[in-house]
file run10.pdb (PDB, C-alpha atoms)
MODEL        1
ATOM      1  CA  MET A   1      34.135  -0.910 -16.050
ATOM      2  CA  ALA A   2      35.599   2.514 -15.244
ATOM      3  CA  PHE A   3      33.452   4.064 -17.989
ATOM      4  CA  LEU A   4      30.302   2.539 -16.504
ATOM      5  CA  VAL A   5      31.151   3.877 -13.047
ATOM      6  CA  LYS A   6      31.889   7.400 -14.370
ATOM      7  CA  PHE A   7      28.769   7.391 -16.532
ATOM      8  CA  ASN A   8      26.713   6.326 -13.517
ATOM      9  CA  ILE A   9      28.177   9.116 -11.381
ATOM     10  CA  ILE A  10      27.577  11.825 -14.008
ATOM     11  CA  LEU A  11      24.048  10.629 -14.783
ATOM     12  CA  ASN A  12      23.102  10.540 -11.111
ATOM     13  CA  LYS A  13      24.559  13.997 -10.473
ATOM     14  CA  VAL A  14      22.503  15.432 -13.331
ATOM     15  CA  LEU A  15      19.343  13.753 -12.035
ATOM     16  CA  THR A  16      20.053  14.911  -8.490
ATOM     17  CA  ILE A  17      20.462  18.525  -9.603
ATOM     18  CA  THR A  18      17.306  18.283 -11.714
ATOM     19  CA  GLY A  19      15.371  16.674  -8.872
ATOM     20  CA  GLY A  20      16.677  19.322  -6.481
ATOM     21  CA  ALA A  21      15.479  22.080  -8.819
ATOM     22  CA  PHE A  22      12.050  20.425  -8.976
ATOM     23  CA  LEU A  23      12.030  20.183  -5.173
ATOM     24  CA  VAL A  24      12.828  23.896  -4.835
ATOM     25  CA  ALA A  25      10.031  24.654  -7.315
ATOM     26  CA  MET A  26       7.653  22.526  -5.218
ATOM     27  CA  ILE A  27       8.615  24.433  -2.073
ATOM     28  CA  LEU A  28       8.217  27.817  -3.769
ATOM     29  CA  LEU A  29       4.829  26.867  -5.196
ATOM     30  CA  THR A  30       3.668  25.623  -1.804
ATOM     31  CA  CYS A  31       4.826  28.832  -0.102
ATOM     32  CA  ALA A  32       3.165  30.956  -2.785
ATOM     33  CA  ASN A  33      -0.052  28.981  -2.383
ATOM     34  CA  ILE A  34       0.006  29.466   1.398
ATOM     35  CA  PHE A  35       0.606  33.193   1.006
ATOM     36  CA  ILE A  36      -2.063  33.685  -1.666
ATOM     37  CA  ARG A  37      -4.643  31.714   0.325
ATOM     38  CA  GLN A  38      -4.600  34.555   2.830
ATOM     39  CA  PHE A  39      -6.499  36.494   0.154
ATOM     40  CA  TYR A  40      -8.919  33.569  -0.416
ATOM     41  CA  ILE A  41      -7.539  32.816  -3.895
ATOM     42  CA  PRO A  42      -5.652  29.493  -3.812
ATOM     43  CA  ILE A  43      -3.451  28.500  -6.727
ATOM     44  CA  ARG A  44      -5.427  26.024  -8.786
ATOM     45  CA  GLY A  45      -3.932  22.534  -9.162
ATOM     46  CA  THR A  46      -1.206  22.877  -6.531
ATOM     47  CA  PHE A  47      -1.903  19.496  -4.965
ATOM     48  CA  GLU A  48      -2.049  17.847  -8.366
ATOM     49  CA  LEU A  49       1.349  19.240  -9.339
ATOM     50  CA  MET A  50       2.840  18.300  -5.976
ATOM     51  CA  GLY A  51       1.878  14.672  -6.562
ATOM     52  CA  TYR A  52       3.350  14.474 -10.051
ATOM     53  CA  VAL A  53       6.511  16.413  -9.355
ATOM     54  CA  GLY A  54       6.973  14.631  -6.011
ATOM     55  CA  ALA A  55       6.986  11.284  -7.807
ATOM     56  CA  VAL A  56       9.623  12.575 -10.252
ATOM     57  CA  VAL A  57      11.794  13.990  -7.451
ATOM     58  CA  THR A  58      11.651  10.672  -5.612
ATOM     59  CA  ALA A  59      12.452   8.641  -8.725
ATOM     60  CA  PHE A  60      15.368  10.911  -9.624
ATOM     61  CA  ALA A  61      16.845  10.468  -6.142
ATOM     62  CA  LEU A  62      16.845   6.649  -6.209
ATOM     63  CA  GLY A  63      20.031   6.150  -8.229
ATOM     64  CA  TYR A  64      21.991   8.748  -6.283
ATOM     65  CA  THR A  65      20.916   7.172  -3.012
ATOM     66  CA  GLN A  66      22.254   3.832  -4.249
ATOM     67  CA  LEU A  67      25.449   5.482  -5.475
ATOM     68  CA  THR A  68      26.114   7.038  -2.067
ATOM     69  CA  ARG A  69      25.112   3.866  -0.169
ATOM     70  CA  GLY A  70      22.154   5.666   1.363
ATOM     71  CA  HIS A  71      19.627   2.842   1.153
ATOM     72  CA  ILE A  72      18.866   0.884   4.285
ATOM     73  CA  CYS A  73      20.877  -2.320   4.414
ATOM     74  CA  VAL A  74      20.522  -5.101   6.977
ATOM     75  CA  ASP A  75      23.638  -7.228   6.710
ATOM     76  CA  VAL A  76      23.719  -9.046  10.035
ATOM     77  CA  LEU A  77      24.262 -12.483   8.503
ATOM     78  CA  VAL A  78      26.242 -11.367   5.479
ATOM     79  CA  ASN A  79      28.961  -9.788   7.642
ATOM     80  CA  THR A  80      29.705 -13.206   9.130
ATOM     81  CA  TYR A  81      30.422 -14.720   5.687
ATOM     82  CA  PRO A  82      33.954 -14.921   4.318
ATOM     83  CA  LYS A  83      34.838 -11.978   2.074
ATOM     84  CA  PRO A  84      34.655 -13.887  -1.265
ATOM     85  CA  LEU A  85      31.190 -15.191  -0.400
ATOM     86  CA  ARG A  86      30.073 -11.688   0.639
ATOM     87  CA  ARG A  87      31.036 -10.436  -2.816
ATOM     88  CA  TRP A  88      28.962 -13.103  -4.543
ATOM     89  CA  VAL A  89      25.994 -12.546  -2.229
ATOM     90  CA  GLY A  90      26.251  -8.821  -2.988
ATOM     91  CA  LEU A  91      26.407  -9.530  -6.713
ATOM     92  CA  VAL A  92      23.308 -11.740  -6.560
ATOM     93  CA  ASN A  93      21.489  -9.218  -4.370
ATOM     94  CA  ASN A  94      22.323  -6.285  -6.645
ATOM     95  CA  GLY A  95      21.589  -8.357  -9.742
ATOM     96  CA  VAL A  96      18.146  -9.412  -8.525
ATOM     97  CA  CYS A  97      17.318  -5.857  -7.457
ATOM     98  CA  ALA A  98      18.602  -4.454 -10.772
ATOM     99  CA  GLY A  99      16.474  -6.977 -12.638
ATOM    100  CA  PHE A 100      13.440  -6.000 -10.591
ATOM    101  CA  PHE A 101      13.932  -2.298 -11.319
ATOM    102  CA  PHE A 102      14.593  -2.911 -15.034
ATOM    103  CA  ILE A 103      11.267  -4.767 -15.157
ATOM    104  CA  ALA A 104       9.581  -2.022 -13.129
ATOM    105  CA  ALA A 105      10.954   0.648 -15.472
ATOM    106  CA  TRP A 106       9.741  -1.299 -18.504
ATOM    107  CA  GLN A 107       6.256  -1.713 -17.007
ATOM    108  CA  VAL A 108       6.061   1.989 -16.168
ATOM    109  CA  VAL A 109       7.100   2.847 -19.751
ATOM    110  CA  LYS A 110       4.316   0.560 -21.027
ATOM    111  CA  LYS A 111       1.848   2.360 -18.742
ATOM    112  CA  ALA A 112       3.094   5.726 -20.013
ATOM    113  CA  MET A 113       2.477   4.635 -23.601
ATOM    114  CA  ILE A 114      -1.049   3.544 -22.683
ATOM    115  CA  LEU A 115      -1.667   6.948 -21.088
ATOM    116  CA  LYS A 116      -0.217   8.703 -24.134
ATOM    117  CA  ASN A 117      -2.285   6.709 -26.611
ATOM    118  CA  ALA A 118      -5.444   7.250 -24.558
ATOM    119  CA  GLY A 119      -4.782  10.995 -24.350
ATOM    120  CA  GLU A 120      -5.185  10.964 -20.560
ATOM    121  CA  LEU A 121      -5.180  14.384 -18.919
ATOM    122  CA  SER A 122      -5.165  15.356 -15.275
ATOM    123  CA  GLU A 123      -8.464  16.447 -13.771
ATOM    124  CA  THR A 124      -7.708  19.943 -12.524
ATOM    125  CA  LEU A 125      -5.014  21.370 -14.783
ATOM    126  CA  ARG A 126      -5.701  19.162 -17.820
ATOM    127  CA  ILE A 127      -1.996  18.403 -18.269
ATOM    128  CA  ILE A 128      -0.739  15.212 -19.857
ATOM    129  CA  TYR A 129       0.301  12.398 -17.526
ATOM    130  CA  TYR A 130       2.769  10.435 -19.557
ATOM    131  CA  PRO A 131       5.861  12.714 -19.324
ATOM    132  CA  PHE A 132       5.757  12.394 -15.535
ATOM    133  CA  THR A 133       5.294   8.659 -15.867
ATOM    134  CA  LEU A 134       8.258   8.410 -18.252
ATOM    135  CA  ALA A 135      10.383  10.414 -15.810
ATOM    136  CA  VAL A 136       9.561   7.921 -13.046
ATOM    137  CA  ALA A 137      10.464   5.072 -15.402
ATOM    138  CA  PHE A 138      13.779   6.758 -16.170
ATOM    139  CA  GLY A 139      14.482   7.063 -12.437
ATOM    140  CA  CYS A 140      13.816   3.325 -12.020
ATOM    141  CA  PHE A 141      16.106   2.568 -14.957
ATOM    142  CA  VAL A 142      18.900   4.689 -13.455
ATOM    143  CA  LEU A 143      18.524   2.886 -10.121
ATOM    144  CA  ALA A 144      18.773  -0.451 -11.947
ATOM    145  CA  LEU A 145      21.929   0.747 -13.676
ATOM    146  CA  ALA A 146      23.405   1.880 -10.338
ATOM    147  CA  LEU A 147      22.611  -1.496  -8.779
ATOM    148  CA  LEU A 148      24.144  -3.332 -11.719
ATOM    149  CA  THR A 149      27.272  -1.158 -11.548
ATOM    150  CA  ASP A 150      27.595  -1.767  -7.806
ATOM    151  CA  GLY A 151      27.222  -5.500  -8.292
ATOM    152  CA  LEU A 152      29.854  -5.616 -11.013
ATOM    153  CA  THR A 153      32.324  -3.566  -8.972
ATOM    154  CA  LEU A 154      32.006  -6.137  -6.188
ATOM    155  CA  ILE A 155      33.304  -8.830  -8.525
ATOM    156  CA  PHE A 156      35.622  -6.659 -10.621
ATOM    157  CA  PRO A 157      36.913  -4.039  -8.170
ATOM    158  CA  GLN A 158      38.775  -1.096  -9.635
ATOM    159  CA  LYS A 159      42.400  -0.760  -8.729
ATOM    160  CA  ALA A 160      43.250   2.158  -6.463
ATOM    161  CA  GLY A 161      44.467   5.082  -8.515
ATOM    162  CA  ALA A 162      43.247   3.575 -11.803
ATOM    163  CA  LYS A 163      41.457   5.943 -14.137
TER     164      LYS A 163
ENDMDL
END

call {"tool": "encode", "arguments": {"input": "run10.pdb", "output": "structure tokens"}}
result
Amino acid sequence: MAFLVKFNIILNKVLTITGGAFLVAMILLTCANIFIRQFYIPIRGTFELMGYVGAVVTAFALGYTQLTRGHICVDVLVNTYPKPLRRWVGLVNNGVCAGFFFIAAWQVVKKAMILKNAGELSETLRIIYYPFTLAVAFGCFVLALALLTDGLTLIFPQKAGAK
């Protein structure tokens, strides 16, 4: 269990740093586009890239948000349950959500393979779609792993000070 938790933390830190770098690149490209438009020469394909990279940044942030308990949680009823029942409700909740995101990741991977096999290219820049789609699928998979890890730690909590 400790390995799964550490792996989850490291993986999410790497994705967060990568997503942050992509976000900085998006900001710099947007600023450059604004500046260059003053000379009536916009950077071609800026909006297209913003859409693709924005989806990747969002997907890469999902697991870290789960890891840091940043997702919105309405637990009005659950807080009234006895502690053992709360753990099981949390396990079921995280398990169902993890299952949903595993399925979502798999479906996005299938879509990426369809795009790859069809040779789909973007309209303006003529870049391939499927790497962006695979990155979004990977972000969904990492969120599913984070949810699964959280659910398992509810049932099998780590001892304080255990490594």

call {"tool": "resolve_selection", "arguments": {"input": "run10.pdb", "expression": "the PyMOL selection byres ((chain A and resi 37-48) around 10)", "output": "MDAnalysis selection string"}}
result
chainID A and resid 26 29:36 49:54 122:127

call {"tool": "resolve_selection", "arguments": {"input": "run10.pdb", "expression": "the PyMOL selection byres ((chain A and resi 98) around 8)", "output": "PyMOL selection string"}}
result
chain A and resi 94-97+99-102+143-148

call {"tool": "resolve_selection", "arguments": {"input": "run10.pdb", "expression": "the PyMOL selection byres ((chain A and resi 63-68) around 9)", "output": "list in words"}}
result
Asn8, Ile9, Leu11, Asn12, Lys13, Leu15, Thr16, Ala59, Phe60, Ala61, Leu62, Arg69, Gly70, His71, Gly139, Cys140, Phe141, Val142, Leu143, Ala144, Leu145, Ala146, Leu147 and Asp150 of chain A

call {"tool": "atom_distance", "arguments": {"input": "run10.pdb", "atom1": "atom CA of A:Leu115", "atom2": "atom CA of A:Tyr130"}}
result
5.8 Å

call {"tool": "atom_distance", "arguments": {"input": "run10.pdb", "atom1": "atom CA of A:Leu4", "atom2": "atom CA of A:Ala105"}}
result
19.5 Å

call {"tool": "residues_around", "arguments": {"input": "run10.pdb", "residues": "A:Lys116", "least_positions_apart": "3", "cutoff": "8 Å", "atoms": "all atoms listed in the file", "output": "PyMOL selection string"}}
result
chain A and resi 112-113+119-120+128-130

call {"tool": "atom_distance", "arguments": {"input": "run10.pdb", "atom1": "atom CA of A:Leu152", "atom2": "atom CA of A:Val136"}}
result
24.5 Å

call {"tool": "closest_residue", "arguments": {"input": "run10.pdb", "among": "A:Leu77, A:Phe138, A:Phe3, A:Val92", "to": "A:Thr58", "atoms": "only C-alpha atoms"}}
result
A:Phe138

call {"tool": "closest_residue", "arguments": {"input": "run10.pdb", "among": "A:Ile155, A:Ala104, A:Val24, A:Val56", "to": "A:Gly90", "atoms": "only C-alpha atoms"}}
result
A:Ile155

call {"tool": "axis_aligned_box", "arguments": {"input": "run10.pdb", "around": "stretch 31-37 of chain A", "padding_each_side": "4 Å", "output": "AutoDock Vina command-line options"}}
result
--center_x 0.1 --center_y 31.3 --center_z -0.7 --size_x 17.5 --size_y 12.9 --size_z 12.2

call {"tool": "closest_residue", "arguments": {"input": "run10.pdb", "among": "A:Leu154, A:Phe22, A:Val5, A:Ala55", "to": "A:Lys83", "atoms": "only C-alpha atoms"}}
result
A:Leu154

call {"tool": "closest_residue", "arguments": {"input": "run10.pdb", "among": "A:Ile10, A:Val57, A:Leu85, A:Ala2", "to": "A:Ala25", "atoms": "only C-alpha atoms"}}
result
A:Val57

call {"tool": "residues_near_point", "arguments": {"input": "run10.pdb", "point": "(27.0, -13.2, 3.0)", "cutoff": "12 Å", "atoms": "only C-alpha atoms", "output": "PyMOL selection string"}}
result
chain A and resi 74-93
